[in-house]
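*Asks:* What follows is run_20.cif, made up of mmCIF, C-alpha atoms:
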data_protein
loop_
_atom_site.label_atom_id
_atom_site.label_comp_id
_atom_site.auth_asym_id
_atom_site.auth_seq_id
_atom_site.Cartn_x
_atom_site.Cartn_y
_atom_site.Cartn_z
CA MET M 127 0.00 0.00 0.00
CA THR M 128 2.57 2.55 1.05
CA GLN M 129 5.18 3.39 -1.46
CA ALA M 130 8.34 5.25 -0.63
CA ILE M 131 9.87 7.44 -3.29
CA ARG M 132 13.57 8.08 -2.97
CA THR M 133 14.39 11.73 -3.38
CA THR M 134 17.60 13.65 -2.97
CA THR M 135 18.02 17.18 -1.68
CA ALA M 136 21.17 17.74 -3.68
CA GLN M 137 19.25 19.23 -6.61
CA PRO M 138 15.92 21.00 -6.62
CA LEU M 139 13.00 18.64 -7.24
CA PRO M 140 11.82 18.51 -10.84
CA LEU M 141 8.81 20.73 -11.48
CA PRO M 142 6.04 19.36 -13.69
CA GLU M 143 4.78 21.58 -16.52
CA GLY M 144 1.27 22.48 -17.72
CA ILE M 145 -1.90 21.77 -15.73
CA PRO M 146 -0.20 19.13 -13.53
CA GLY M 147 2.32 21.88 -12.77
CA ILE M 148 -0.43 24.19 -11.47
CA VAL M 149 -1.76 21.42 -9.20
CA ALA M 150 1.75 20.52 -8.01
CA ASP M 151 2.74 24.16 -7.32
CA TRP M 152 -0.42 25.05 -5.40
CA SER M 153 -0.45 21.80 -3.38
CA SER M 154 3.27 21.71 -2.70
CA ASP M 155 3.00 22.69 0.98
CA GLN M 156 5.62 25.38 0.30
CA ARG M 157 5.40 28.68 -1.53
CA ALA M 158 2.99 28.43 -4.46
CA PHE M 159 4.92 30.63 -6.91
CA LYS M 160 8.06 28.71 -7.84
CA ASN M 161 11.04 30.46 -9.44
CA VAL M 162 9.52 33.81 -8.55
CA PRO M 163 11.12 35.93 -5.82
CA TRP M 164 8.79 36.94 -3.01
CA GLY M 165 8.89 40.63 -3.90
CA LYS M 166 7.97 39.95 -7.50
CA ALA M 167 4.94 37.84 -6.56
CA MET M 168 3.79 40.64 -4.23
CA MET M 169 4.22 43.24 -6.98
CA TRP M 170 2.11 41.10 -9.32
CA ILE M 171 -0.64 40.82 -6.71
CA PHE M 172 -0.55 44.59 -6.18
CA LEU M 173 -0.77 45.11 -9.94
CA LEU M 174 -3.78 42.78 -10.07
CA SER M 175 -5.54 44.93 -7.46
CA ASP M 176 -4.56 48.06 -9.41
CA THR M 177 -6.01 46.47 -12.55
CA PHE M 178 -9.33 46.29 -10.76
CA ILE M 179 -9.12 49.95 -9.73
CA PHE M 180 -8.43 51.18 -13.26
CA SER M 181 -11.00 48.80 -14.73
CA SER M 182 -13.61 50.16 -12.34
CA PHE M 183 -12.80 53.67 -13.58
CA LEU M 184 -12.95 52.70 -17.23
CA ILE M 185 -16.16 50.71 -16.80
CA SER M 186 -17.83 53.58 -14.94
CA TYR M 187 -16.67 55.86 -17.77
CA MET M 188 -18.39 53.50 -20.21
CA THR M 189 -21.54 53.52 -18.08
CA VAL M 190 -21.83 57.32 -17.84
CA ARG M 191 -20.95 57.79 -21.51
CA MET M 192 -23.63 55.29 -22.59
CA SER M 193 -26.28 56.76 -20.30
CA THR M 194 -25.86 60.48 -20.99
CA THR M 195 -28.45 62.17 -23.18
CA ASP M 196 -26.10 65.08 -24.05
CA PRO M 197 -23.68 64.74 -26.97
CA TRP M 198 -20.18 63.52 -26.02
CA PRO M 199 -17.37 65.96 -26.97
CA ASN M 200 -15.25 64.58 -29.83
CA PRO M 201 -11.84 63.71 -28.30
CA SER M 202 -10.23 63.88 -31.72
CA GLU M 203 -11.00 67.62 -31.86
CA VAL M 204 -10.65 68.40 -28.14
CA PHE M 205 -7.08 67.06 -28.10
CA ALA M 206 -6.02 68.49 -31.46
CA LEU M 207 -3.08 70.87 -31.62
CA THR M 208 -2.26 73.54 -34.15
CA LEU M 209 1.30 72.94 -35.32
CA TRP M 210 2.89 75.02 -38.08
CA GLY M 211 -0.47 76.57 -38.86
CA LYS M 212 -2.13 73.19 -39.38
CA LYS M 213 -4.63 71.53 -37.08
CA ILE M 214 -3.57 67.94 -36.39
CA PRO M 215 -6.09 65.73 -34.54
CA LEU M 216 -5.05 64.01 -31.32
CA ILE M 217 -1.35 64.70 -31.99
CA LEU M 218 -0.42 65.49 -28.38
CA ILE M 219 -1.88 62.19 -27.16
CA ALA M 220 -0.09 60.30 -29.94
CA ILE M 221 3.26 61.82 -28.90
CA MET M 222 2.53 60.97 -25.25
CA THR M 223 1.82 57.38 -26.29
CA PHE M 224 5.12 57.13 -28.14
CA VAL M 225 7.01 58.66 -25.19
CA LEU M 226 5.52 56.09 -22.80
CA ILE M 227 6.22 53.16 -25.13
CA SER M 228 9.82 54.33 -25.54
CA SER M 229 10.17 54.45 -21.76
CA SER M 230 8.80 50.89 -21.57
CA GLY M 231 11.48 49.79 -24.03
CA THR M 232 14.31 51.45 -22.08
CA MET M 233 12.92 49.90 -18.88
CA ALA M 234 12.98 46.40 -20.41
CA MET M 235 16.62 46.99 -21.43
CA ALA M 236 17.47 48.23 -17.92
CA VAL M 237 16.10 44.97 -16.43
CA ASN M 238 18.16 42.97 -18.94
CA PHE M 239 21.41 44.81 -18.22
CA GLY M 240 20.64 44.62 -14.49
CA TYR M 241 20.66 40.82 -14.57
CA ARG M 242 23.93 41.04 -16.52
CA LYS M 243 25.27 43.12 -13.57
CA ASP M 244 26.15 45.95 -15.93
CA ARG M 245 25.86 48.75 -13.40
CA VAL M 246 26.50 51.78 -15.60
CA LYS M 247 24.19 50.75 -18.45
CA THR M 248 21.40 49.83 -16.02
CA PHE M 249 21.79 53.21 -14.29
CA VAL M 250 21.71 55.18 -17.57
CA LEU M 251 18.70 53.26 -18.88
CA LEU M 252 16.80 53.71 -15.60
CA LEU M 253 17.45 57.45 -15.66
CA LEU M 254 16.41 57.62 -19.31
CA THR M 255 13.16 55.82 -18.38
CA ALA M 256 12.59 58.31 -15.55
CA ALA M 257 13.26 61.23 -17.93
CA LEU M 258 10.76 59.92 -20.47
CA GLY M 259 8.23 59.39 -17.66
CA ALA M 260 8.76 62.97 -16.47
CA THR M 261 8.31 64.17 -20.07
CA PHE M 262 5.00 62.32 -20.18
CA VAL M 263 3.80 63.96 -16.95
CA GLY M 264 4.92 67.36 -18.25
CA MET M 265 2.91 66.91 -21.44
CA GLN M 266 -0.06 65.83 -19.36
CA ALA M 267 0.25 69.00 -17.26
CA PHE M 268 0.27 71.00 -20.52
CA GLU M 269 -2.83 69.13 -21.71
CA TRP M 270 -4.69 69.73 -18.44
CA THR M 271 -3.78 73.42 -18.51
CA LYS M 272 -5.02 73.74 -22.09
CA LEU M 273 -8.30 72.02 -21.27
CA ILE M 274 -8.95 73.91 -18.03
CA VAL M 275 -7.80 77.39 -19.06
CA ASP M 276 -8.49 77.55 -22.80
CA GLU M 277 -11.46 75.23 -23.25
CA GLY M 278 -13.17 75.78 -19.89
CA ILE M 279 -13.54 72.06 -19.12
CA ARG M 280 -14.34 71.35 -15.46
CA PRO M 281 -15.11 68.11 -13.59
CA TRP M 282 -18.73 69.28 -13.21
CA GLY M 283 -19.36 70.55 -16.73
CA ASN M 284 -17.98 71.95 -19.96
CA PRO M 285 -19.15 74.05 -22.90
CA LEU M 286 -18.70 71.18 -25.40
CA GLY M 287 -21.42 68.78 -24.29
CA ALA M 288 -21.87 66.04 -21.67
CA ALA M 289 -20.74 67.09 -18.19
CA GLN M 290 -19.48 63.54 -17.57
CA PHE M 291 -16.63 64.16 -20.05
CA GLY M 292 -14.76 66.36 -17.58
CA SER M 293 -15.32 64.21 -14.51
CA THR M 294 -14.17 60.97 -16.15
CA PHE M 295 -11.28 62.66 -17.96
CA PHE M 296 -9.78 64.27 -14.85
CA MET M 297 -10.40 61.18 -12.73
CA ILE M 298 -8.86 58.65 -15.11
CA THR M 299 -5.91 60.64 -16.47
CA GLY M 300 -5.27 62.13 -13.03
CA PHE M 301 -5.00 58.70 -11.44
CA HIS M 302 -2.78 57.48 -14.26
CA GLY M 303 -0.56 60.57 -14.06
CA THR M 304 -0.18 60.00 -10.32
CA HIS M 305 0.99 56.46 -11.03
CA VAL M 306 3.53 57.76 -13.56
CA SER M 307 4.81 60.39 -11.10
CA ILE M 308 5.25 57.81 -8.31
CA GLY M 309 7.00 55.56 -10.84
CA VAL M 310 9.45 58.34 -11.78
CA ILE M 311 10.35 58.85 -8.10
CA PHE M 312 10.94 55.13 -7.57
CA LEU M 313 12.92 54.83 -10.81
CA ILE M 314 15.31 57.49 -9.51
CA ILE M 315 15.60 55.67 -6.15
CA VAL M 316 16.37 52.35 -7.87
CA ALA M 317 18.84 54.06 -10.23
CA ILE M 318 20.73 55.49 -7.24
CA LYS M 319 20.80 52.06 -5.58
CA VAL M 320 22.22 50.56 -8.78
CA ILE M 321 24.99 53.11 -9.33
CA ARG M 322 26.01 53.09 -5.64
CA GLY M 323 26.52 49.33 -5.88
CA ASP M 324 23.92 48.54 -3.21
CA LEU M 325 22.68 45.60 -5.25
CA ASP M 326 26.15 44.20 -6.01
CA HIS M 327 27.01 44.28 -2.30
CA GLU M 328 23.55 43.05 -1.26
CA ARG M 329 23.03 45.97 1.11
CA PRO M 330 19.56 45.94 2.68
CA GLY M 331 17.28 48.69 1.45
CA PHE M 332 15.39 51.50 3.12
CA MET M 333 12.79 50.16 5.61
CA THR M 334 13.67 46.50 4.96
CA GLY M 335 16.14 43.93 6.18
CA ARG M 336 16.07 42.02 2.89
CA LYS M 337 19.26 41.95 0.88
CA GLY M 338 19.45 44.16 -2.17
CA LYS M 339 19.36 42.14 -5.40
CA TYR M 340 18.99 42.93 -9.08
CA GLU M 341 15.47 41.47 -8.97
CA ILE M 342 14.31 44.85 -7.59
CA VAL M 343 15.04 46.32 -11.03
CA GLU M 344 12.71 43.75 -12.55
CA ILE M 345 10.04 44.44 -9.90
CA MET M 346 10.34 48.18 -10.69
CA GLY M 347 10.02 47.21 -14.36
CA LEU M 348 6.76 45.34 -13.70
CA TYR M 349 5.26 48.47 -12.17
CA TRP M 350 6.48 50.66 -15.02
CA HIS M 351 5.19 48.33 -17.76
CA PHE M 352 1.87 48.22 -15.94
CA VAL M 353 1.63 52.02 -16.13
CA ASP M 354 2.24 51.74 -19.89
CA LEU M 355 -0.34 48.95 -20.09
CA VAL M 356 -3.00 51.10 -18.42
CA TRP M 357 -2.23 53.89 -20.90
CA VAL M 358 -2.85 51.46 -23.79
CA PHE M 359 -6.39 50.97 -22.52
CA ILE M 360 -6.99 54.65 -21.72
CA PHE M 361 -5.70 55.66 -25.16
CA ALA M 362 -7.99 53.16 -26.88
CA VAL M 363 -11.24 53.64 -24.99
CA PHE M 364 -11.06 57.29 -23.94
CA TYR M 365 -9.16 59.08 -26.71
CA LEU M 366 -9.89 56.95 -29.78
CA TRP M 367 -13.45 55.81 -29.06
CA MET O 1387 29.33 21.62 -2.50
CA ALA O 1388 26.35 19.91 -4.06
CA GLN O 1389 24.04 22.06 -1.98
CA ALA O 1390 25.78 25.24 -3.08
CA GLN O 1391 25.40 24.14 -6.69
CA GLY O 1392 21.72 23.44 -6.15
CA GLN O 1393 21.19 26.90 -4.68
CA GLN O 1394 23.02 28.53 -7.51
CA LEU O 1395 20.74 26.72 -9.93
CA VAL O 1396 17.68 28.13 -8.16
CA ALA O 1397 19.18 31.63 -8.10
CA HIS O 1398 19.92 31.38 -11.80
CA VAL O 1399 16.38 30.26 -12.63
CA GLU O 1400 14.82 33.13 -10.62
CA GLY O 1401 16.21 35.90 -12.82
CA GLN O 1402 14.56 36.51 -16.20
CA GLN O 1403 17.42 36.58 -18.69
CA HIS O 1404 16.60 36.78 -22.39
CA PRO O 1405 18.42 38.01 -25.49
CA ILE O 1406 18.16 41.76 -26.11
CA GLY O 1407 16.96 41.17 -29.67
CA ILE O 1408 13.53 40.01 -28.53
CA TYR O 1409 12.97 43.24 -26.55
CA LEU O 1410 14.00 45.37 -29.53
CA LYS O 1411 11.64 43.47 -31.86
CA ILE O 1412 8.69 43.82 -29.49
CA TRP O 1413 9.54 47.51 -28.98
CA GLY O 1414 9.44 48.05 -32.74
CA LEU O 1415 6.16 46.15 -33.00
CA LEU O 1416 4.61 48.31 -30.27
CA PHE O 1417 5.60 51.43 -32.20
CA VAL O 1418 4.00 50.06 -35.36
CA LEU O 1419 0.79 49.14 -33.51
CA SER O 1420 0.61 52.56 -31.83
CA THR O 1421 1.05 54.29 -35.19
CA ALA O 1422 -1.68 52.07 -36.63
CA SER O 1423 -4.11 52.93 -33.84
CA TYR O 1424 -3.36 56.64 -34.28
CA LEU O 1425 -4.01 56.33 -38.02
CA VAL O 1426 -7.46 54.88 -37.24
CA ASP O 1427 -8.31 58.31 -35.85
CA TYR O 1428 -6.33 60.27 -38.44
CA PHE O 1429 -8.18 58.70 -41.37
CA HIS O 1430 -11.56 59.05 -39.57
CA PHE O 1431 -12.63 55.41 -39.75
CA GLN O 1432 -16.15 55.18 -38.33
CA GLY O 1433 -18.62 52.61 -37.09
CA TYR O 1434 -17.86 48.95 -36.52
CA LEU O 1435 -14.58 49.08 -38.48
CA ARG O 1436 -13.25 51.73 -36.07
CA TRP O 1437 -14.31 49.78 -32.96
CA PHE O 1438 -12.89 46.56 -34.33
CA LEU O 1439 -9.51 48.11 -35.20
CA ILE O 1440 -9.24 49.98 -31.88
CA ILE O 1441 -9.97 46.81 -29.86
CA VAL O 1442 -7.63 44.63 -31.94
CA PHE O 1443 -4.68 47.04 -31.68
CA MET O 1444 -5.37 47.58 -27.96
CA LEU O 1445 -5.40 43.86 -27.17
CA LEU O 1446 -2.32 43.15 -29.30
CA LYS O 1447 -0.34 45.89 -27.54
CA ALA O 1448 -1.51 44.80 -24.09
CA GLY O 1449 -0.70 41.17 -24.87
CA LEU O 1450 2.82 41.98 -26.09
CA ILE O 1451 3.60 44.12 -23.04
CA VAL O 1452 2.35 41.51 -20.55
CA ALA O 1453 3.83 38.50 -22.37
CA VAL O 1454 7.30 39.81 -23.20
CA PHE O 1455 8.11 43.00 -21.28
CA MET O 1456 6.53 41.66 -18.08
CA HIS O 1457 7.91 38.16 -18.78
CA MET O 1458 4.57 36.33 -18.39
CA LEU O 1459 5.58 34.13 -21.33
CA TRP O 1460 8.32 32.55 -19.24
CA GLU O 1461 6.55 32.30 -15.86
CA ARG O 1462 5.09 29.07 -14.55
CA LEU O 1463 1.39 28.51 -15.24
CA ALA O 1464 0.49 28.66 -11.51
CA MET O 1465 1.64 32.31 -11.53
CA VAL O 1466 0.16 33.22 -14.92
CA TYR O 1467 -3.29 31.86 -14.05
CA ALA O 1468 -3.29 33.41 -10.55
CA ILE O 1469 -2.84 36.87 -12.12
CA LEU O 1470 -4.69 36.65 -15.45
CA VAL O 1471 -7.77 34.54 -14.63
CA PRO O 1472 -9.21 36.91 -11.95
CA THR O 1473 -9.23 39.75 -14.53
CA LEU O 1474 -11.89 37.81 -16.45
CA LEU O 1475 -14.29 38.67 -13.61
CA LEU O 1476 -14.20 42.21 -14.98
CA MET O 1477 -16.30 41.00 -17.91
CA VAL O 1478 -19.17 40.56 -15.40
CA LEU O 1479 -18.73 44.16 -14.20
CA LEU O 1480 -18.62 45.30 -17.82
CA GLY O 1481 -21.91 43.52 -18.54
CA ILE O 1482 -23.60 44.95 -15.42
CA GLY O 1483 -22.35 48.42 -16.36
CA ALA O 1484 -23.76 48.16 -19.87
CA LEU O 1485 -27.16 46.92 -18.63
CA GLU O 1486 -27.35 49.68 -16.03
CA ALA O 1487 -26.34 52.33 -18.58
CA ASP O 1488 -29.04 51.24 -21.03
CA TYR O 1489 -31.65 51.38 -18.28
CA THR O 1490 -30.50 54.84 -17.09
CA PHE O 1491 -30.49 56.15 -20.66
CA PHE O 1492 -34.01 54.83 -21.15
CA THR O 1493 -35.37 56.40 -17.94
CA ARG O 1494 -33.64 59.70 -18.72
CA GLY O 1495 -35.29 59.62 -22.12
CA VAL O 1496 -38.69 59.03 -20.55
CA PHE O 1497 -38.50 61.61 -17.76
CA PHE O 1498 -36.14 64.35 -18.99
CA LEU O 1499 -36.73 64.42 -22.72
CA LYS O 1500 -40.45 63.98 -23.14
CA GLY O 1501 -41.31 62.62 -26.54
CA LEU O 1502 -38.06 60.75 -27.16
CA PHE O 1503 -39.74 57.41 -26.48
#
Give the structure from this file in structure tokens form.
*Replies:*
Amino acid sequence: MTQAIRTTTAQPLPLPEGIPGIVADWSSDQRAFKNVPWGKAMMWIFLLSDTFIFSSFLISYMTVRMSTTDPWPNPSEVFALTLWGKKIPLILIAIMTFVLISSSGTMAMAVNFGYRKDRVKTFVLLLLTAALGATFVGMQAFEWTKLIVDEGIRPWGNPLGAAQFGSTFFMITGFHGTHVSIGVIFLIIVAIKVIRGDLDHERPGFMTGRKGKYEIVEIMGLYWHFVDLVWVFIFAVFYLW
Amino acid sequence: MAQAQGQQLVAHVEGQQHPIGIYLKIWGLLFVLSTASYLVDYFHFQGYLRWFLIIVFMLLKAGLIVAVFMHMLWERLAMVYAILVPTLLLMVLLGIGALEADYTFFTRGVFFLKGLF
């Protein structure tokens, strides 16, 4: 009846793949997320909760836009800019999108060079990501100023049509901009840790006893890519719809 | 000695190390997709074609970012499912929101704009 299986602790136990892998990982009487550092699993769970926050915003935006009886202002015209005497629709938002995607690319490279322990390149790429993020926030500040001062759009109403336009716009882009700003601050903190060699020497970080490792660059990267991911959805459903 | 080797193996597996080329390719693809979604607006596509193109480009971009930049492609399924499956619940919220919006629009039509229905 009983069957003993000989195992050795010299190597890690083999991990099954596919559906049996899910069952084995969750029932393993250890940590469920194999090969994933603790901090990274926690960041993913935070990002899942943040997904629900942004989804709630976007779904409430859908609900108020579908239920309003006033005409919805045309985002293509509201966010147009006059450049060189020509009116180009939505150009500011398009540039912001490209800036954020570029920053996602430099972030991915920073994570890669981090795991290669290339301190200088990781530092430069992290700072470049932070600079692009700050550029994005700056352009958003310009956009808000233009909408509030020039077009008279307020959270409670606007001269272009449905009052819900202002409330959802400031709520959604404001929350996203806050995420970008927090990301820029943390990018600078991680960049300083990298160039000081905190991660090479495994110095514990601020407010934690855990050793510094290059996985924190990847965890930072997860947050930053998430901010870009949210912008993909905002761009599609708010600006293009 | 053997134990040290085993630990090193685990430490090696924990980091996500991939060739730089794949990031550059995905980066380029994201630029192309963003340009395409901007052109949807620029050329004033309307109706179902516009919605279809917007949704397709949005999902492709989101998928590429999550799969490659966030390394979901290389994570174990236990992790992938724990993060991605709960987001499907949002479809329920989406459906409730749409139903509620239709109802509100209808009642607003009846009470605020007499004669619309």
*Asks:* Might you spell out which residues the PyMOL selection byres ((chain O and resi 1419) around 12) would select in the displayed file, as JSON, numbers by chain?
*Replies:* {"M": [220, 223, 224, 227, 358, 362], "O": [1412, 1413, 1414, 1415, 1416, 1417, 1418, 1420, 1421, 1422, 1423, 1424, 1425, 1426, 1439, 1440, 1441, 1442, 1443, 1444, 1445, 1446, 1447, 1448, 1449, 1450, 1451]}
*Asks:* May I ask for the distance between CA of Arg329 (chain M) and CA of Val237 (chain M), given in Å to one decimal place?
*Replies:*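 Distance between the two atoms: 18.9 Å.
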*Asks:* Take the PyMOL selection byres ((chain M and resi 258) around 8), run it mentally on this structure, and tell me the resulting residues as a list in words.
*Replies:*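 Selection result, ordered by chain and number: Val225, Leu226, Ser228, Ser229, Leu254, Thr255, Ala256, Ala257, Gly259, Ala260, Thr261 and Phe262 of chain M.
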*Asks:* Specify as a list of chain:residue names each residue included when the PyMOL selection byres ((chain O and resi 1404-1410) around 8) is applied to this file.
*Replies:* M:Gly231, M:Ala234, M:Met235, M:Asn238, O:Gln1402, O:Gln1403, O:Lys1411, O:Ile1412, O:Trp1413, O:Gly1414, O:Val1454, O:Phe1455
*Asks:* Residues of chain M within 8 Å of chain O: nearest atom pair and distance (Å, one decimal) for each, counting all atoms listed in the file, sorted by chain and number, as CSV?
*Replies:*
residue,atom,partner,partner_atom,distance
M:Thr135,CA,O:Gln1389,CA,7.8
M:Ala136,CA,O:Gln1389,CA,5.5
M:Gln137,CA,O:Gly1392,CA,4.9
M:Pro138,CA,O:Gly1392,CA,6.3
M:Glu143,CA,O:Arg1462,CA,7.8
M:Gly144,CA,O:Leu1463,CA,6.5
M:Ile145,CA,O:Leu1463,CA,7.5
M:Gly147,CA,O:Ala1464,CA,7.1
M:Ile148,CA,O:Ala1464,CA,4.6
M:Val149,CA,O:Ala1464,CA,7.9
M:Asp151,CA,O:Ala1464,CA,6.5
M:Trp152,CA,O:Ala1464,CA,7.2
M:Ala158,CA,O:Ala1464,CA,7.5
M:Phe159,CA,O:Met1465,CA,5.9
M:Lys160,CA,O:Arg1462,CA,7.3
M:Asn161,CA,O:Glu1400,CA,4.8
M:Val162,CA,O:Glu1400,CA,5.7
M:Pro163,CA,O:Glu1400,CA,6.7
M:Trp170,CA,O:Ile1469,CA,7.1
M:Ile171,CA,O:Ile1469,CA,7.1
M:Leu174,CA,O:Ile1469,CA,6.3
M:Thr177,CA,O:Thr1473,CA,7.7
M:Phe178,CA,O:Thr1473,CA,7.5
M:Ser181,CA,O:Leu1476,CA,7.3
M:Ile185,CA,O:Leu1480,CA,6.0
M:Ser186,CA,O:Gly1483,CA,7.0
M:Met188,CA,O:Gly1483,CA,7.5
M:Thr189,CA,O:Ala1487,CA,5.0
M:Val190,CA,O:Ala1487,CA,6.8
M:Met192,CA,O:Ala1487,CA,5.7
M:Ser193,CA,O:Phe1491,CA,4.3
M:Thr194,CA,O:Phe1491,CA,6.3
M:Thr195,CA,O:Phe1491,CA,6.8
M:Ser202,CA,O:Asp1427,CA,7.2
M:Pro215,CA,O:Tyr1428,CA,6.7
M:Leu216,CA,O:Asp1427,CA,8.0
M:Ala220,CA,O:Tyr1424,CA,6.6
M:Thr223,CA,O:Ser1420,CA,7.4
M:Phe224,CA,O:Phe1417,CA,7.0
M:Ile227,CA,O:Leu1416,CA,7.2
M:Ser228,CA,O:Trp1413,CA,7.6
M:Ser230,CA,O:Phe1455,CA,7.9
M:Gly231,CA,O:Trp1413,CA,5.8
M:Ala234,CA,O:Phe1455,CA,6.0
M:Met235,CA,O:Ile1406,CA,7.2
M:Asn238,CA,O:Gln1403,CA,6.4
M:Tyr241,CA,O:Gln1403,CA,6.7
M:Glu341,CA,O:Gly1401,CA,6.8
M:Gly347,CA,O:Met1456,CA,7.5
M:Leu348,CA,O:Met1456,CA,5.7
M:His351,CA,O:Met1456,CA,6.8
M:Leu355,CA,O:Ala1448,CA,5.9
M:Val358,CA,O:Met1444,CA,6.2
M:Phe359,CA,O:Met1444,CA,6.5
M:Ala362,CA,O:Ile1440,CA,6.1
M:Leu366,CA,O:Asp1427,CA,6.4
M:Trp367,CA,O:Trp1437,CA,7.2
*Asks:* Leaving out Ile219 (chain M) and any residue of its chain fewer than 3 positions from it, which residues lie within 9 Å of it when counting only C-alpha atoms, given as a PyMOL selection string?
*Replies:* chain M and resi 205-206+216+222-224+265-266+269+361+365
*Asks:* From the set M:Leu173, M:Ala267, M:Leu184, M:Ile321, which residue has the shortest atom-to-atom contact distance to Met297 (chain M), counting all atoms listed in the file?
*Replies:*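 Of all the options, M:Leu184 lies closest to Met297 (chain M).
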*Asks:* Could you work out how far CA of Ile342 (chain M) lies from CA of Gly323 (chain M), giving the answer in Å with one decimal?
*Replies:* 13.1 Å
*Asks:* As JSON, what would the box around region 298-301 of chain M look like: edges along x, y and z, 6 Å added on every side, centre and edge lengths in Å to one decimal?
*Replies:*
{"center_x": -6.9, "center_y": 60.4, "center_z": -14.0, "size_x": 15.9, "size_y": 15.5, "size_z": 17.0}
*Asks:* So which residues fall inside 9 Å of (21.8, 52.1, -17.5) if we count only C-alpha atoms? Mind giving them as a short mmCIF file (atom, residue, chain, number, x, y, z; two decimals) with C-alpha atoms, in the coordinates of the input?
*Replies:*
data_model
loop_
_atom_site.label_atom_id
_atom_site.label_comp_id
_atom_site.auth_asym_id
_atom_site.auth_seq_id
_atom_site.Cartn_x
_atom_site.Cartn_y
_atom_site.Cartn_z
CA THR M 232 14.31 51.45 -22.08
CA MET M 235 16.62 46.99 -21.43
CA ALA M 236 17.47 48.23 -17.92
CA PHE M 239 21.41 44.81 -18.22
CA GLY M 240 20.64 44.62 -14.49
CA ASP M 244 26.15 45.95 -15.93
CA ARG M 245 25.86 48.75 -13.40
CA VAL M 246 26.50 51.78 -15.60
CA LYS M 247 24.19 50.75 -18.45
CA THR M 248 21.40 49.83 -16.02
CA PHE M 249 21.79 53.21 -14.29
CA VAL M 250 21.71 55.18 -17.57
CA LEU M 251 18.70 53.26 -18.88
CA LEU M 252 16.80 53.71 -15.60
CA LEU M 253 17.45 57.45 -15.66
CA LEU M 254 16.41 57.62 -19.31
CA ALA M 317 18.84 54.06 -10.23
CA VAL M 320 22.22 50.56 -8.78
CA ILE M 321 24.99 53.11 -9.33
#
*Asks:* Between CA of Met346 (chain M) and CA of Val310 (chain M), what is the spacing in Å?
*Replies:*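 About the pair CA of Val310 (chain M) and CA of Met346 (chain M): they are 10.3 Å apart.
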*Asks:* Could you tell me which of M:Leu273, M:Val356, M:Glu344, M:Trp198 comes closest to Ala167 (chain M) if we count all atoms listed in the file?
*Replies:*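 Smallest separation from Ala167 (chain M) among the options: M:Glu344.
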